[in-house]
Amino acid sequence: MAATMHAAVVEEFGKPLAFHEWAIPVPGPGQILVKTEACGVCHTDLHAAHGDWPLKPTLPFIPGHEGIGRVAAVGAGVTLVKEGDRVGVPWLYSACGHCEHCLSAWETVCGEAEFGGYTKNGGFAEYILADPNYVAKIPDRLSPLEAAPLICAGITTYKGIKVADVRPGEWIAISGAGGLGHLAIQYAKVMGLQVCAIDIDDGKLEHATRLGADLVVNAKSEGAVEAVRQGTGGGAHGVLITAPSLVAFKQAIAMTRKRGTCVLVGLPPGEFPVPLFDVVANCITIRGSFVGTREDMAEALAFAAEGKVKADIETQPLSAINTVFDRLEHGNVPSRVVIDFGVGAA
Ligand code: NAD
Ligand code: ZN
Ligand code: ZN
């Protein structure tokens, strides 16, 4: 009989995850098996478990795309990584490697991309099967627990700031100061930007100030948009929306400076109205941004390895996943929860 592992499984959309004994996968040619040490819990896992998006995962599946662990076994022909290496298994699980997007270092939008914890089983399990060409190489200086949030929340916000086309000294407004946002604030500061943090929770805003935000605004307060426009001297040069709320999207466009860029990263289901006249007359760019490439990953991890960015984590066991999901849904996770598999970091 095949050996088994503990896994938290989505069996039905919108229902609590079920705890299963799942067969430990065997790496085939070109694949590796990772023994999970830690896995962050992203709001995307919640969207996945709810079946929020048009492209839905096939049930049943194991979520989790911030999984960090050591390579436990390698399949035939694998030379890029070896047993014992510490890697991260990210959202961009694999891509084709030869389409126009892959060839121009935009593998994130490859039409054949697979997604960890979504179209492929992810890190809410003791072992993860992975593609060695797309795993993140985790710097020695980072523990698995502190590395976990960086391989989605970190890379996504780092990339989002890059494509906001802002220069040192300019303003970036970060809407949503949760898992993604608390890292966005830190990346933005390291990149020499002035940061305005926006959230609906005063506790998160206080934390944003501790992390270096120059201005904080509660999105629910009257005149929130005006406060951002005034505080930034006419609107932020770049806006990064991480909030999983459609209201935040409409607000964010109005917070963007003339000729500025509003980067959409949060993924609440649905659509939001764009005030066409304002966007056209003010020459505003609205841009989507989806995680980041392998190069972005290496850069985002390097900032953390140098001690310039640090994820704030709360650790929980896998058995607590449903409570964590409930808290995340209601905005009651201060920054990032990371599932600790108790493997013991070496
Ligand atoms: P989170 O729950 O940790 O944080 C969300 C934050 O937004 C919370 O602090 C919450 O208080 C705040 N918020 C809620 N409503 C708001 C509003 N109206 N205005 C301002 N702030 C508001 O979630 P997370 O893990 O940071 O993920 C955020 C979103 O980003 C999710 O929709 C997730 O799916 C998406 N995401 C996208 C990518 C990508 O590649 N584009 C990658 C990762 C996550
Ligand atoms: Zn994520
Ligand atoms: Zn491709």
# chains A, B, ... in the order shown; residues from 1 in each chain; ligands from 1

call {"tool": "residues_near_ligand", "arguments": {"ligand": "ligand 3", "cutoff": "8 Å", "atoms": "only C-alpha atoms and all ligand atoms", "output": "ChimeraX atom specification"}}
result
/A:95-103,107,109-113

call {"tool": "write_last_selection", "arguments": {"atoms": "all heavy atoms", "output": "mmCIF file, in the first residue's frame"}}
result
data_model
loop_
_atom_site.group_PDB
_atom_site.id
_atom_site.type_symbol
_atom_site.label_atom_id
_atom_site.label_comp_id
_atom_site.auth_asym_id
_atom_site.auth_seq_id
_atom_site.Cartn_x
_atom_site.Cartn_y
_atom_site.Cartn_z
ATOM 1 N N ALA A 95 5.136 26.449 -16.632
ATOM 2 C CA ALA A 95 4.688 27.102 -17.867
ATOM 3 C C ALA A 95 5.332 26.339 -19.024
ATOM 4 O O ALA A 95 6.177 25.471 -18.796
ATOM 5 C CB ALA A 95 5.099 28.573 -17.861
ATOM 6 N N CYS A 96 4.940 26.675 -20.264
ATOM 7 C CA CYS A 96 5.385 25.837 -21.393
ATOM 8 C C CYS A 96 6.849 26.062 -21.737
ATOM 9 O O CYS A 96 7.529 25.171 -22.224
ATOM 10 C CB CYS A 96 4.487 26.060 -22.601
ATOM 11 S SG CYS A 96 4.897 27.518 -23.580
ATOM 12 N N GLY A 97 7.339 27.301 -21.517
ATOM 13 C CA GLY A 97 8.755 27.575 -21.779
ATOM 14 C C GLY A 97 9.066 27.978 -23.204
ATOM 15 O O GLY A 97 10.200 28.341 -23.508
ATOM 16 N N HIS A 98 8.092 27.920 -24.118
ATOM 17 C CA HIS A 98 8.428 28.251 -25.502
ATOM 18 C C HIS A 98 7.391 29.082 -26.246
ATOM 19 O O HIS A 98 7.538 29.319 -27.440
ATOM 20 C CB HIS A 98 8.749 26.972 -26.288
ATOM 21 C CG HIS A 98 7.718 25.903 -26.123
ATOM 22 N ND1 HIS A 98 6.500 25.961 -26.726
ATOM 23 C CD2 HIS A 98 7.722 24.774 -25.369
ATOM 24 C CE1 HIS A 98 5.803 24.893 -26.371
ATOM 25 N NE2 HIS A 98 6.509 24.172 -25.543
ATOM 26 N N CYS A 99 6.344 29.562 -25.562
ATOM 27 C CA CYS A 99 5.376 30.433 -26.260
ATOM 28 C C CYS A 99 5.936 31.862 -26.296
ATOM 29 O O CYS A 99 6.974 32.154 -25.699
ATOM 30 C CB CYS A 99 4.014 30.398 -25.559
ATOM 31 S SG CYS A 99 4.016 31.197 -23.932
ATOM 32 N N GLU A 100 5.227 32.756 -26.960
ATOM 33 C CA GLU A 100 5.731 34.143 -27.081
ATOM 34 C C GLU A 100 5.933 34.779 -25.707
ATOM 35 O O GLU A 100 6.844 35.574 -25.507
ATOM 36 C CB GLU A 100 4.778 34.996 -27.937
ATOM 37 C CG GLU A 100 3.392 35.137 -27.337
ATOM 38 C CD GLU A 100 2.482 36.090 -28.116
ATOM 39 O OE1 GLU A 100 2.766 37.297 -28.137
ATOM 40 O OE2 GLU A 100 1.495 35.610 -28.676
ATOM 41 N N HIS A 101 5.059 34.434 -24.743
ATOM 42 C CA HIS A 101 5.151 35.051 -23.413
ATOM 43 C C HIS A 101 6.327 34.467 -22.616
ATOM 44 O O HIS A 101 7.080 35.201 -21.986
ATOM 45 C CB HIS A 101 3.838 34.863 -22.657
ATOM 46 C CG HIS A 101 2.657 35.303 -23.465
ATOM 47 N ND1 HIS A 101 2.498 36.602 -23.863
ATOM 48 C CD2 HIS A 101 1.610 34.603 -23.979
ATOM 49 C CE1 HIS A 101 1.381 36.689 -24.583
ATOM 50 N NE2 HIS A 101 0.830 35.495 -24.666
ATOM 51 N N CYS A 102 6.469 33.142 -22.685
ATOM 52 C CA CYS A 102 7.598 32.519 -21.990
ATOM 53 C C CYS A 102 8.917 33.030 -22.568
ATOM 54 O O CYS A 102 9.853 33.330 -21.826
ATOM 55 C CB CYS A 102 7.531 31.001 -22.126
ATOM 56 S SG CYS A 102 6.279 30.261 -21.051
ATOM 57 N N LEU A 103 8.958 33.156 -23.879
ATOM 58 C CA LEU A 103 10.210 33.588 -24.525
ATOM 59 C C LEU A 103 10.572 35.026 -24.192
ATOM 60 O O LEU A 103 11.730 35.407 -24.257
ATOM 61 C CB LEU A 103 10.117 33.402 -26.048
ATOM 62 C CG LEU A 103 10.144 31.947 -26.522
ATOM 63 C CD1 LEU A 103 9.976 31.887 -28.035
ATOM 64 C CD2 LEU A 103 11.437 31.247 -26.106
ATOM 65 N N GLU A 107 6.429 34.544 -18.363
ATOM 66 C CA GLU A 107 5.876 33.198 -18.179
ATOM 67 C C GLU A 107 4.608 33.192 -17.326
ATOM 68 O O GLU A 107 3.833 32.237 -17.348
ATOM 69 C CB GLU A 107 6.930 32.257 -17.583
ATOM 70 C CG GLU A 107 7.435 32.596 -16.173
ATOM 71 C CD GLU A 107 8.750 33.373 -16.163
ATOM 72 O OE1 GLU A 107 8.981 34.153 -17.096
ATOM 73 O OE2 GLU A 107 9.534 33.205 -15.207
ATOM 74 N N VAL A 109 1.953 34.749 -17.811
ATOM 75 C CA VAL A 109 0.723 34.748 -18.605
ATOM 76 C C VAL A 109 0.735 33.649 -19.674
ATOM 77 O O VAL A 109 -0.075 33.659 -20.607
ATOM 78 C CB VAL A 109 0.434 36.137 -19.254
ATOM 79 C CG1 VAL A 109 0.134 37.170 -18.175
ATOM 80 C CG2 VAL A 109 1.567 36.609 -20.142
ATOM 81 N N CYS A 110 1.629 32.674 -19.532
ATOM 82 C CA CYS A 110 1.678 31.538 -20.463
ATOM 83 C C CYS A 110 0.301 30.849 -20.490
ATOM 84 O O CYS A 110 -0.294 30.588 -19.444
ATOM 85 C CB CYS A 110 2.744 30.553 -19.990
ATOM 86 S SG CYS A 110 2.730 29.000 -20.916
ATOM 87 N N GLY A 111 -0.173 30.569 -21.678
ATOM 88 C CA GLY A 111 -1.493 29.925 -21.828
ATOM 89 C C GLY A 111 -1.521 28.511 -21.287
ATOM 90 O O GLY A 111 -2.588 27.955 -21.021
ATOM 91 N N GLU A 112 -0.358 27.907 -21.136
ATOM 92 C CA GLU A 112 -0.304 26.540 -20.605
ATOM 93 C C GLU A 112 0.171 26.494 -19.159
ATOM 94 O O GLU A 112 0.541 25.430 -18.657
ATOM 95 C CB GLU A 112 0.619 25.680 -21.484
ATOM 96 C CG GLU A 112 0.011 25.377 -22.841
ATOM 97 C CD GLU A 112 0.975 24.628 -23.746
ATOM 98 O OE1 GLU A 112 1.716 23.765 -23.256
ATOM 99 O OE2 GLU A 112 0.994 24.956 -24.940
ATOM 100 N N ALA A 113 0.189 27.657 -18.513
ATOM 101 C CA ALA A 113 0.675 27.693 -17.123
ATOM 102 C C ALA A 113 -0.236 26.847 -16.228
ATOM 103 O O ALA A 113 -1.446 26.766 -16.444
ATOM 104 C CB ALA A 113 0.707 29.129 -16.617
#

call {"tool": "residues_near_ligand", "arguments": {"ligand": "ligand 2", "cutoff": "6 Å", "atoms": "only C-alpha atoms and all ligand atoms", "output": "list in words"}}
result
Cys42, Thr44, Cys152 and Ala153 of chain A

call {"tool": "residues_near_ligand", "arguments": {"ligand": "ligand 1", "cutoff": "6 Å", "atoms": "only C-alpha atoms and all ligand atoms", "output": "number ranges by chain"}}
result
A: 42-44, 152-153, 156, 175-181, 198-201, 219, 242-245, 247-248, 265-268, 289-291, 328, 331, 335

call {"tool": "atom_distance", "arguments": {"atom1": "CA of Asp140 in chain A", "atom2": "CA of Ile24 in chain A"}}
result
26.6 Å

call {"tool": "residues_around", "arguments": {"residues": "Arg141 in chain A", "least_positions_apart": "4", "cutoff": "12 Å", "atoms": "only C-alpha atoms", "output": "list in words"}}
result
Arg86, Lys137, Leu145, Glu146, Ala147, Leu301, Ala302, Phe303, Ala304, Ala305, Glu306, Gly307, Lys310, Ala345 and Ala346 of chain A

call {"tool": "atom_distance", "arguments": {"atom1": "CA of Leu211 in chain A", "atom2": "CA of Gln186 in chain A"}}
result
6.5 Å

call {"tool": "atom_distance", "arguments": {"atom1": "CA of Ile62 in chain A", "atom2": "CA of Gly117 in chain A"}}
result
5.7 Å

call {"tool": "residues_around", "arguments": {"residues": "Phe61 in chain A", "least_positions_apart": "4", "cutoff": "10 Å", "atoms": "only C-alpha atoms", "output": "list in words"}}
result
Ala7, Ala8, Val9, Val10, Glu11, Glu12, Leu17, Ala48, Ala49, Pro57, Gly117, Tyr118, Thr119, Lys120, Asn121, Gly122 and Phe124 of chain A

call {"tool": "write_last_selection", "arguments": {"atoms": "all heavy atoms", "output": "compact mmCIF listing (two decimals), in the first residue's frame"}}
result
# COMPACT_ATOMS: atom_id res chain seq x y z
N ALA A 7 -3.47 15.85 4.58
CA ALA A 7 -3.73 16.94 3.63
C ALA A 7 -5.07 17.59 3.97
O ALA A 7 -5.98 16.92 4.45
CB ALA A 7 -3.76 16.41 2.20
N ALA A 8 -5.16 18.90 3.72
CA ALA A 8 -6.44 19.61 3.85
C ALA A 8 -6.98 19.80 2.44
O ALA A 8 -6.29 20.35 1.58
CB ALA A 8 -6.24 20.96 4.55
N VAL A 9 -8.19 19.33 2.22
CA VAL A 9 -8.70 19.16 0.86
C VAL A 9 -10.01 19.93 0.66
O VAL A 9 -10.89 19.90 1.52
CB VAL A 9 -8.95 17.65 0.60
CG1 VAL A 9 -9.49 17.41 -0.81
CG2 VAL A 9 -7.68 16.84 0.83
N VAL A 10 -10.12 20.61 -0.49
CA VAL A 10 -11.40 21.21 -0.87
C VAL A 10 -12.17 20.13 -1.63
O VAL A 10 -11.74 19.70 -2.71
CB VAL A 10 -11.22 22.45 -1.77
CG1 VAL A 10 -12.58 23.01 -2.20
CG2 VAL A 10 -10.41 23.52 -1.05
N GLU A 11 -13.28 19.70 -1.05
CA GLU A 11 -14.09 18.68 -1.71
C GLU A 11 -15.28 19.31 -2.42
O GLU A 11 -15.77 18.80 -3.41
CB GLU A 11 -14.62 17.68 -0.67
CG GLU A 11 -13.54 16.79 -0.09
CD GLU A 11 -14.09 15.78 0.89
OE1 GLU A 11 -15.01 16.13 1.65
OE2 GLU A 11 -13.59 14.64 0.86
N GLU A 12 -15.74 20.43 -1.85
CA GLU A 12 -16.90 21.13 -2.39
C GLU A 12 -16.65 22.63 -2.20
O GLU A 12 -16.19 23.03 -1.12
CB GLU A 12 -18.13 20.74 -1.57
CG GLU A 12 -19.36 20.43 -2.37
CD GLU A 12 -20.50 20.03 -1.43
OE1 GLU A 12 -20.31 19.13 -0.61
OE2 GLU A 12 -21.55 20.67 -1.50
N LEU A 17 -12.69 22.84 4.57
CA LEU A 17 -11.76 21.84 4.02
C LEU A 17 -11.86 20.56 4.83
O LEU A 17 -12.12 20.60 6.04
CB LEU A 17 -10.33 22.38 4.07
CG LEU A 17 -9.91 23.23 2.86
CD1 LEU A 17 -10.73 24.50 2.74
CD2 LEU A 17 -8.43 23.58 2.92
N ALA A 48 -10.09 30.28 -4.06
CA ALA A 48 -10.03 28.95 -4.67
C ALA A 48 -11.06 28.02 -4.02
O ALA A 48 -11.82 27.32 -4.70
CB ALA A 48 -8.63 28.36 -4.53
N ALA A 49 -11.08 28.04 -2.69
CA ALA A 49 -11.98 27.13 -1.95
C ALA A 49 -13.44 27.53 -2.14
O ALA A 49 -14.34 26.70 -2.00
CB ALA A 49 -11.61 27.14 -0.47
N PRO A 57 -10.86 25.39 -10.14
CA PRO A 57 -10.07 24.17 -10.01
C PRO A 57 -10.96 22.93 -10.05
O PRO A 57 -12.15 23.02 -9.73
CB PRO A 57 -9.42 24.31 -8.63
CG PRO A 57 -10.07 25.47 -7.96
CD PRO A 57 -10.96 26.17 -8.91
N GLY A 117 -1.65 24.75 -5.95
CA GLY A 117 -2.79 24.84 -5.04
C GLY A 117 -4.07 25.20 -5.75
O GLY A 117 -5.04 25.64 -5.13
N TYR A 118 -4.06 25.03 -7.09
CA TYR A 118 -5.25 25.41 -7.87
C TYR A 118 -5.49 24.38 -8.99
O TYR A 118 -6.36 23.54 -8.87
CB TYR A 118 -5.06 26.82 -8.42
CG TYR A 118 -6.37 27.52 -8.75
CD1 TYR A 118 -7.13 28.13 -7.75
CD2 TYR A 118 -6.87 27.57 -10.05
CE1 TYR A 118 -8.33 28.77 -8.03
CE2 TYR A 118 -8.07 28.22 -10.35
CZ TYR A 118 -8.79 28.82 -9.34
OH TYR A 118 -9.98 29.45 -9.63
N THR A 119 -4.67 24.45 -10.04
CA THR A 119 -4.78 23.40 -11.06
C THR A 119 -3.86 22.23 -10.71
O THR A 119 -3.95 21.16 -11.31
CB THR A 119 -4.44 23.92 -12.48
OG1 THR A 119 -3.06 24.31 -12.50
CG2 THR A 119 -5.30 25.11 -12.87
N LYS A 120 -2.94 22.43 -9.78
CA LYS A 120 -2.09 21.37 -9.24
C LYS A 120 -2.22 21.39 -7.73
O LYS A 120 -2.42 22.47 -7.15
CB LYS A 120 -0.61 21.61 -9.61
CG LYS A 120 -0.32 21.55 -11.09
CD LYS A 120 -0.27 20.12 -11.57
CE LYS A 120 0.13 20.03 -13.04
NZ LYS A 120 0.07 18.65 -13.54
N ASN A 121 -2.09 20.25 -7.09
CA ASN A 121 -2.22 20.23 -5.64
C ASN A 121 -1.10 21.03 -4.99
O ASN A 121 0.02 21.05 -5.47
CB ASN A 121 -2.21 18.78 -5.13
CG ASN A 121 -3.54 18.11 -5.40
OD1 ASN A 121 -4.59 18.76 -5.28
ND2 ASN A 121 -3.51 16.84 -5.77
N GLY A 122 -1.45 21.67 -3.86
CA GLY A 122 -0.52 22.60 -3.25
C GLY A 122 -0.04 22.22 -1.86
O GLY A 122 -0.01 21.03 -1.50
N PHE A 124 -0.98 22.66 1.38
CA PHE A 124 -1.68 22.30 2.62
C PHE A 124 -1.62 20.78 2.80
O PHE A 124 -2.64 20.11 3.02
CB PHE A 124 -3.13 22.80 2.61
CG PHE A 124 -3.28 24.30 2.59
CD1 PHE A 124 -4.52 24.89 2.36
CD2 PHE A 124 -2.20 25.14 2.83
CE1 PHE A 124 -4.67 26.27 2.34
CE2 PHE A 124 -2.33 26.52 2.82
CZ PHE A 124 -3.57 27.08 2.57

call {"tool": "select_by_dssp", "arguments": {"residues": "range 8-117 of chain A", "states": "strand (DSSP E)", "output": "PyMOL selection string"}}
result
chain A and resi 8-9+18-23+32-41+67-74+86-89+92-94+114-115

call {"tool": "select_by_dssp", "arguments": {"residues": "range 23-271 of chain A", "states": "helix (DSSP H, G or I)", "output": "number ranges by chain"}}
result
A: 43-50, 100-103, 107-109, 144-151, 153-162, 179-190, 202-210, 224-231, 246-255

call {"tool": "residues_around", "arguments": {"residues": "Arg259 in chain A", "least_positions_apart": "5", "cutoff": "10 Å", "atoms": "only C-alpha atoms", "output": "list in words"}}
result
Ala236, His237, Gly238, Val279, Val280, Ala281, Asn282, Cys283, Ile284 and Thr285 of chain A

call {"tool": "closest_residue", "arguments": {"among": "A:Val309, A:Asp296, A:Pro269, A:Leu46", "to": "Ala184 in chain A", "atoms": "only C-alpha atoms"}}
result
A:Val309

call {"tool": "closest_residue", "arguments": {"among": "A:Val87, A:Ala213, A:Leu33, A:Leu55", "to": "Val74 in chain A", "atoms": "only C-alpha atoms"}}
result
A:Leu33
